[in-house]
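Peer 1: work12.pdb is reproduced in full below (PDB, C-alpha atoms).
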ATOM      1  CA  MET A   1    -189.081  61.693  21.294
ATOM      2  CA  THR A   2    -191.171  59.268  23.322
ATOM      3  CA  GLU A   3    -191.782  59.736  27.028
ATOM      4  CA  ASP A   4    -189.742  56.559  27.729
ATOM      5  CA  ALA A   5    -186.778  57.960  25.773
ATOM      6  CA  LYS A   6    -186.977  61.277  27.634
ATOM      7  CA  THR A   7    -187.051  59.499  30.996
ATOM      8  CA  SER A   8    -184.159  57.231  30.065
ATOM      9  CA  GLU A   9    -182.114  60.185  28.803
ATOM     10  CA  SER A  10    -182.674  62.309  31.895
ATOM     11  CA  GLN A  11    -181.715  59.434  34.206
ATOM     12  CA  ALA A  12    -178.487  58.795  32.288
ATOM     13  CA  ASP A  13    -177.227  62.401  32.414
ATOM     14  CA  PRO A  14    -176.374  62.567  36.150
ATOM     15  CA  ALA A  15    -174.247  59.399  35.873
ATOM     16  CA  ILE A  16    -171.937  60.961  33.290
ATOM     17  CA  SER A  17    -168.882  62.913  34.384
ATOM     18  CA  VAL A  18    -166.853  64.853  31.837
ATOM     19  CA  VAL A  19    -163.582  66.489  32.885
ATOM     20  CA  GLY A  20    -162.072  68.698  30.204
ATOM     21  CA  PRO A  21    -158.380  69.420  29.610
ATOM     22  CA  GLY A  22    -158.343  72.452  31.932
ATOM     23  CA  ASP A  23    -160.695  70.984  34.519
ATOM     24  CA  GLY A  24    -160.218  68.935  37.645
ATOM     25  CA  GLU A  25    -158.794  69.633  41.061
ATOM     26  CA  THR A  26    -155.090  70.587  41.067
ATOM     27  CA  ILE A  27    -152.827  69.420  43.873
ATOM     28  CA  VAL A  28    -149.211  70.605  43.913
ATOM     29  CA  LEU A  29    -146.766  68.659  46.054
ATOM     30  CA  GLY A  30    -143.278  70.012  45.577
ATOM     31  CA  ALA A  31    -142.106  69.061  42.091
ATOM     32  CA  THR A  32    -145.213  66.978  41.390
ATOM     33  CA  ARG A  33    -148.387  68.473  39.959
ATOM     34  CA  MET A  34    -151.480  66.303  40.189
ATOM     35  CA  ARG A  35    -154.828  66.851  38.511
ATOM     36  CA  VAL A  36    -157.638  64.844  40.093
ATOM     37  CA  LEU A  37    -159.897  63.746  37.254
ATOM     38  CA  GLU A  38    -162.232  61.641  39.404
ATOM     39  CA  ASP A  39    -162.171  61.727  43.197
ATOM     40  CA  GLY A  40    -164.680  58.913  43.618
ATOM     41  CA  SER A  41    -167.726  61.130  43.942
ATOM     42  CA  HIS A  42    -169.083  59.964  40.556
ATOM     43  CA  THR A  43    -168.170  56.285  40.982
ATOM     44  CA  GLY A  44    -169.702  55.452  44.331
ATOM     45  CA  HIS A  45    -166.135  55.717  45.689
ATOM     46  CA  ARG A  46    -165.100  52.581  43.792
ATOM     47  CA  LEU A  47    -162.517  54.376  41.628
ATOM     48  CA  ALA A  48    -160.468  57.569  41.597
ATOM     49  CA  ILE A  49    -158.239  58.770  38.751
ATOM     50  CA  ALA A  50    -155.479  61.378  38.709
ATOM     51  CA  GLU A  51    -152.972  62.672  36.187
ATOM     52  CA  SER A  52    -149.554  63.492  37.629
ATOM     53  CA  VAL A  53    -146.681  65.404  36.087
ATOM     54  CA  LEU A  54    -143.345  64.490  37.667
ATOM     55  CA  ALA A  55    -140.595  67.055  37.201
ATOM     56  CA  PRO A  56    -137.174  65.864  36.016
ATOM     57  CA  HIS A  57    -135.035  64.349  38.779
ATOM     58  CA  SER A  58    -137.914  64.191  41.263
ATOM     59  CA  GLN A  59    -138.325  61.605  43.963
ATOM     60  CA  GLY A  60    -141.693  60.166  44.861
ATOM     61  CA  PRO A  61    -142.969  59.136  48.261
ATOM     62  CA  PRO A  62    -141.093  56.833  50.614
ATOM     63  CA  GLN A  63    -141.650  53.181  49.777
ATOM     64  CA  HIS A  64    -145.024  52.207  51.262
ATOM     65  CA  ARG A  65    -147.847  49.634  51.305
ATOM     66  CA  HIS A  66    -151.582  50.184  50.923
ATOM     67  CA  ALA A  67    -153.818  47.930  53.014
ATOM     68  CA  GLN A  68    -157.121  48.622  51.300
ATOM     69  CA  HIS A  69    -156.663  49.734  47.719
ATOM     70  CA  ASP A  70    -155.080  48.824  44.422
ATOM     71  CA  GLU A  71    -153.055  51.498  42.688
ATOM     72  CA  GLY A  72    -152.462  51.627  38.945
ATOM     73  CA  PHE A  73    -150.049  53.789  36.981
ATOM     74  CA  TYR A  74    -150.225  54.235  33.202
ATOM     75  CA  ILE A  75    -147.271  56.146  31.764
ATOM     76  CA  LEU A  76    -148.502  58.756  29.272
ATOM     77  CA  SER A  77    -145.054  60.211  28.540
ATOM     78  CA  GLY A  78    -141.502  59.929  29.774
ATOM     79  CA  THR A  79    -139.978  57.261  31.995
ATOM     80  CA  VAL A  80    -140.863  56.539  35.617
ATOM     81  CA  ARG A  81    -138.714  54.308  37.821
ATOM     82  CA  PHE A  82    -140.845  52.076  40.046
ATOM     83  CA  THR A  83    -139.176  50.408  42.982
ATOM     84  CA  VAL A  84    -141.113  47.417  44.240
ATOM     85  CA  GLY A  85    -139.416  45.940  47.259
ATOM     86  CA  ASP A  86    -135.816  45.708  46.113
ATOM     87  CA  GLU A  87    -136.549  45.543  42.363
ATOM     88  CA  ASP A  88    -136.451  48.511  39.984
ATOM     89  CA  HIS A  89    -138.657  48.729  36.902
ATOM     90  CA  ASP A  90    -138.273  51.542  34.361
ATOM     91  CA  ALA A  91    -141.744  52.145  32.941
ATOM     92  CA  THR A  92    -141.813  54.024  29.634
ATOM     93  CA  THR A  93    -144.661  55.556  27.628
ATOM     94  CA  GLY A  94    -147.489  53.062  27.201
ATOM     95  CA  THR A  95    -146.574  50.940  30.241
ATOM     96  CA  LEU A  96    -149.121  50.012  32.911
ATOM     97  CA  VAL A  97    -147.962  49.193  36.452
ATOM     98  CA  MET A  98    -150.562  47.702  38.815
ATOM     99  CA  VAL A  99    -149.769  47.551  42.529
ATOM    100  CA  PRO A 100    -152.047  45.336  44.650
ATOM    101  CA  PRO A 101    -152.661  45.948  48.362
ATOM    102  CA  GLY A 102    -149.738  44.987  50.591
ATOM    103  CA  THR A 103    -147.048  45.433  47.922
ATOM    104  CA  PRO A 104    -144.219  47.828  48.887
ATOM    105  CA  HIS A 105    -143.604  50.411  46.171
ATOM    106  CA  THR A 106    -142.476  53.899  45.255
ATOM    107  CA  PHE A 107    -141.645  55.782  42.069
ATOM    108  CA  ALA A 108    -139.369  58.552  40.816
ATOM    109  CA  ASN A 109    -138.497  60.421  37.647
ATOM    110  CA  LEU A 110    -134.727  60.076  37.326
ATOM    111  CA  THR A 111    -134.559  61.527  33.809
ATOM    112  CA  ASP A 112    -133.942  65.004  32.382
ATOM    113  CA  GLN A 113    -137.504  65.199  30.989
ATOM    114  CA  PRO A 114    -140.879  65.505  32.736
ATOM    115  CA  ALA A 115    -142.919  62.324  33.027
ATOM    116  CA  VAL A 116    -146.710  62.166  32.988
ATOM    117  CA  MET A 117    -148.720  59.292  34.409
ATOM    118  CA  LEU A 118    -152.357  58.471  34.935
ATOM    119  CA  SER A 119    -153.043  56.861  38.320
ATOM    120  CA  THR A 120    -156.035  54.858  39.459
ATOM    121  CA  PHE A 121    -157.042  54.134  43.039
ATOM    122  CA  THR A 122    -159.594  51.391  43.699
ATOM    123  CA  PRO A 123    -161.372  52.215  45.886
ATOM    124  CA  ASP A 124    -160.876  56.002  45.957
ATOM    125  CA  LEU A 125    -159.404  56.126  49.477
ATOM    126  CA  TYR A 126    -156.008  57.602  48.583
ATOM    127  CA  VAL A 127    -157.073  60.864  46.914
ATOM    128  CA  GLN A 128    -157.616  62.385  50.357
ATOM    129  CA  TYR A 129    -153.994  61.538  51.253
ATOM    130  CA  PHE A 130    -152.784  63.948  48.554
ATOM    131  CA  ARG A 131    -155.195  66.600  49.775
ATOM    132  CA  ASP A 132    -153.854  66.131  53.314
ATOM    133  CA  LEU A 133    -150.271  66.632  52.117
ATOM    134  CA  GLN A 134    -151.265  69.792  50.265
ATOM    135  CA  LYS A 135    -152.861  71.131  53.478
ATOM    136  CA  VAL A 136    -149.575  70.595  55.330
ATOM    137  CA  LEU A 137    -147.714  72.632  52.714
ATOM    138  CA  ALA A 138    -150.453  75.298  52.504
ATOM    139  CA  GLY A 139    -150.249  75.690  56.272
ATOM    140  CA  GLY A 140    -146.594  76.681  55.941
ATOM    141  CA  ARG A 141    -145.313  73.458  57.498
ATOM    142  CA  PRO A 142    -142.583  71.394  55.871
ATOM    143  CA  LEU A 143    -143.501  68.064  54.385
ATOM    144  CA  THR A 144    -141.365  66.036  56.785
ATOM    145  CA  PRO A 145    -141.136  62.238  56.716
ATOM    146  CA  GLN A 146    -143.271  62.184  59.873
ATOM    147  CA  ALA A 147    -145.953  64.406  58.305
ATOM    148  CA  ASN A 148    -146.023  62.026  55.343
ATOM    149  CA  ILE A 149    -146.296  58.963  57.616
ATOM    150  CA  ASP A 150    -149.075  60.623  59.628
ATOM    151  CA  ALA A 151    -151.044  61.319  56.441
ATOM    152  CA  MET A 152    -150.460  57.778  55.153
ATOM    153  CA  SER A 153    -151.703  56.241  58.396
ATOM    154  CA  ARG A 154    -155.049  58.039  58.043
ATOM    155  CA  HIS A 155    -155.568  56.301  54.694
ATOM    156  CA  ALA A 156    -154.761  52.639  55.384
ATOM    157  CA  THR A 157    -151.156  52.993  54.251
ATOM    158  CA  GLU A 158    -147.873  52.460  56.033
ATOM    159  CA  PRO A 159    -144.215  52.956  55.170
ATOM    160  CA  ALA A 160    -142.346  49.835  54.098
ATOM    161  CA  THR A 161    -139.860  50.214  56.943
ATOM    162  CA  ASN A 162    -138.317  46.771  56.558
ATOM    163  CA  LEU A 163    -136.747  47.820  53.240
ATOM    164  CA  ALA A 164    -133.501  49.696  52.779
TER
END
Show this structure as structure tokens.
Peer 2:
Amino acid sequence: MTEDAKTSESQADPAISVVGPGDGETIVLGATRMRVLEDGSHTGHRLAIAESVLAPHSQGPPQHRHAQHDEGFYILSGTVRFTVGDEDHDATTGTLVMVPPGTPHTFANLTDQPAVMLSTFTPDLYVQYFRDLQKVLAGGRPLTPQANIDAMSRHATEPATNLA
């Protein structure tokens, strides 16, 4: 191997992140289990990715808007109901839902089967929101609507209070 090839190879290694099937940070929020695959630390905080398993008949967060990041959801299995404003969209396996900043949205699994989705956050700002919620629960406090709103507000997000 030439010296140039060795140098190129050694510089490329630190940029690669591999997260295996049992790896990643686990965040449990009630009936939702999230596995953070990329928290932004390997992407210059441009992108975060998480896999979430939604239990049957589980509700998601209150409808909310992000001011500073796009959020994407790719449905790996099951069906997830997305509510965007006053419209419902049932996203099945293979569906991608992209939510730009400022768009009110929430999601739920209304079915009898678990649903699994891959979420992206660009930039990575919102991963810390999930960590904050887990800290509330780990501290023995209930995850009240106000605790959720407080955590959202720290991450450029607000409830969509003008919606029913």
Peer 1: Selected by the PyMOL selection byres ((chain A and resi 161) around 12) in the shown coordinates: which residues, as a list in words?
Peer 2: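 Listing what the PyMOL selection byres ((chain A and resi 161) around 12) selects in the shown file: Pro62, Gln63, His64, Arg65, Gly85, Pro104, His105, Ile149, Thr157, Glu158, Pro159, Ala160, Asn162, Leu163 and Ala164 of chain A.
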Peer 1: Please check which residues have atoms at most 6 Å from (-154.2, 56.3, 35.1) in the file's coordinates, counting all atoms listed in the file, and write them as a PyMOL selection string.
Peer 2: chain A and resi 49+73-74+118-120
Peer 1: Skipping near chain neighbours, those fewer than 6 positions away, what residues fall within 12 Å of Gly44 of chain A using all atoms listed in the file, listed as a list of chain:residue names?
Peer 2: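 Skipping anything fewer than 6 positions along the chain leaves A:Ala15, A:Glu38, A:Thr122, A:Pro123, A:Asp124, A:Leu125.
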Peer 1: Starting from the displayed file, determine the output of the PyMOL selection byres ((chain A and resi 34-36) around 6) and express the residue list as a PyMOL selection string.
Peer 2: chain A and resi 24-27+33+37-38+50-52
Peer 1: Mind listing as a PyMOL selection string all residues within 10 Å of (-156.0, 63.5, 53.1), counting all atoms listed in the file?
Peer 2: chain A and resi 125-136+150-155
Peer 1: Of the residues A:Gly72, A:Pro142, A:Gly78, A:Pro114, which is the one nearest to Pro100 of chain A, using all atoms listed in the file?
Peer 2: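 Residue with the minimum atom-to-atom distance to Pro100 of chain A: A:Gly72.
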Peer 1: Just to confirm, what's the straight-line distance from atom CA of Ala91 of chain A to atom CA of Ala31 of chain A in Å (one decimal)?
Peer 2: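 Distance between the two atoms: 19.2 Å.
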Peer 1: My list of candidates is A:Gly102, A:Val116, A:Phe121, A:Phe82. Which is closest to Leu54 of chain A when distances are computed with only C-alpha atoms?
Peer 2: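 Using only C-alpha atoms, Leu54 of chain A sits closest to A:Val116.
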Peer 1: Between atom CA of Arg81 of chain A and atom CA of Ala108 of chain A, measure the distance and give it in Å to one decimal.
Peer 2: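 Atom-to-atom, atom CA of Arg81 of chain A to atom CA of Ala108 of chain A, that is 5.2 Å.
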Peer 1: Nearest to Met117 of chain A: which of A:Leu143, A:Gln68, A:Asn148, A:Val80 is it, counting only C-alpha atoms?
Peer 2: A:Val80
Peer 1: In Å, how far is it from atom CA of Val19 of chain A to atom CA of Ser41 of chain A?
Peer 2: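 So the two atoms, atom CA of Val19 of chain A and atom CA of Ser41 of chain A, lie 13.0 Å apart.
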Peer 1: Selection in question (the file shown): the PyMOL selection byres ((chain A and resi 113) around 9). Which residues does it include, as a list in words?
Peer 2: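 Taken over the shown coordinates, the PyMOL selection byres ((chain A and resi 113) around 9) returns Leu54, Ala55, Pro56, His57, Gly78, Thr79, Asn109, Leu110, Thr111, Asp112, Pro114 and Ala115 of chain A.
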Peer 1: Using all atoms listed in the file, which of A:Ile16, A:Leu47, A:Leu29, A:Val97 sits nearest Ile75 of chain A?
Peer 2: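 Counting all atoms listed in the file, the residue closest to Ile75 of chain A is A:Val97.
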Peer 1: With distances taken over only C-alpha atoms, which of A:Val28, A:Leu76, A:Ala156, A:Val53 is nearest to Thr93 of chain A?
Peer 2: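 Smallest separation from Thr93 of chain A among the options: A:Leu76.
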Peer 1: With all atoms listed in the file as the basis for distance, which of A:Ser77, A:Pro145, A:Val18, A:His66 is at the shortest distance from Gly94 of chain A?
Peer 2: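 Of the candidates, the smallest distance to Gly94 of chain A is held by A:Ser77.
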Peer 1: How would segment 50-70 of chain A read, as a tab-separated table (two decimals), keeping the file's coordinate frame, once N, CA and C atoms are built in?
Peer 2:
chain	number	residue	atom	x	y	z
A	50	ALA	N	-156.24	60.12	38.69
A	50	ALA	CA	-155.48	61.38	38.71
A	50	ALA	C	-154.38	61.33	37.65
A	51	GLU	N	-154.09	62.50	37.11
A	51	GLU	CA	-152.97	62.67	36.19
A	51	GLU	C	-151.87	63.40	36.96
A	52	SER	N	-150.67	62.87	36.91
A	52	SER	CA	-149.55	63.49	37.63
A	52	SER	C	-148.42	63.81	36.67
A	53	VAL	N	-147.87	65.00	36.84
A	53	VAL	CA	-146.68	65.40	36.09
A	53	VAL	C	-145.52	65.42	37.08
A	54	LEU	N	-144.53	64.58	36.82
A	54	LEU	CA	-143.34	64.49	37.67
A	54	LEU	C	-142.22	65.28	37.01
A	55	ALA	N	-141.70	66.25	37.72
A	55	ALA	CA	-140.60	67.06	37.20
A	55	ALA	C	-139.35	66.18	37.02
A	56	PRO	N	-138.43	66.60	36.15
A	56	PRO	CA	-137.17	65.86	36.02
A	56	PRO	C	-136.47	65.75	37.37
A	57	HIS	N	-135.84	64.61	37.58
A	57	HIS	CA	-135.04	64.35	38.78
A	57	HIS	C	-135.84	64.52	40.06
A	58	SER	N	-137.10	64.07	40.05
A	58	SER	CA	-137.91	64.19	41.26
A	58	SER	C	-138.14	62.82	41.89
A	59	GLN	N	-138.07	62.81	43.20
A	59	GLN	CA	-138.32	61.60	43.96
A	59	GLN	C	-139.80	61.54	44.32
A	60	GLY	N	-140.32	60.35	44.43
A	60	GLY	CA	-141.69	60.17	44.86
A	60	GLY	C	-141.75	59.97	46.37
A	61	PRO	N	-142.80	59.35	46.83
A	61	PRO	CA	-142.97	59.14	48.26
A	61	PRO	C	-142.01	58.06	48.77
A	62	PRO	N	-141.86	57.96	50.09
A	62	PRO	CA	-141.09	56.83	50.61
A	62	PRO	C	-141.80	55.53	50.22
A	63	GLN	N	-141.05	54.46	50.13
A	63	GLN	CA	-141.65	53.18	49.78
A	63	GLN	C	-142.71	52.86	50.83
A	64	HIS	N	-143.89	52.39	50.37
A	64	HIS	CA	-145.02	52.21	51.26
A	64	HIS	C	-145.92	51.07	50.76
A	65	ARG	N	-146.87	50.68	51.63
A	65	ARG	CA	-147.85	49.63	51.30
A	65	ARG	C	-149.25	50.18	51.59
A	66	HIS	N	-150.18	49.85	50.70
A	66	HIS	CA	-151.58	50.18	50.92
A	66	HIS	C	-152.28	48.93	51.43
A	67	ALA	N	-153.09	49.08	52.46
A	67	ALA	CA	-153.82	47.93	53.01
A	67	ALA	C	-155.15	47.70	52.33
A	68	GLN	N	-155.75	48.76	51.77
A	68	GLN	CA	-157.12	48.62	51.30
A	68	GLN	C	-157.38	49.02	49.85
A	69	HIS	N	-156.36	49.38	49.11
A	69	HIS	CA	-156.66	49.73	47.72
A	69	HIS	C	-155.55	49.33	46.76
A	70	ASP	N	-156.00	49.05	45.54
A	70	ASP	CA	-155.08	48.82	44.42
A	70	ASP	C	-154.71	50.18	43.86
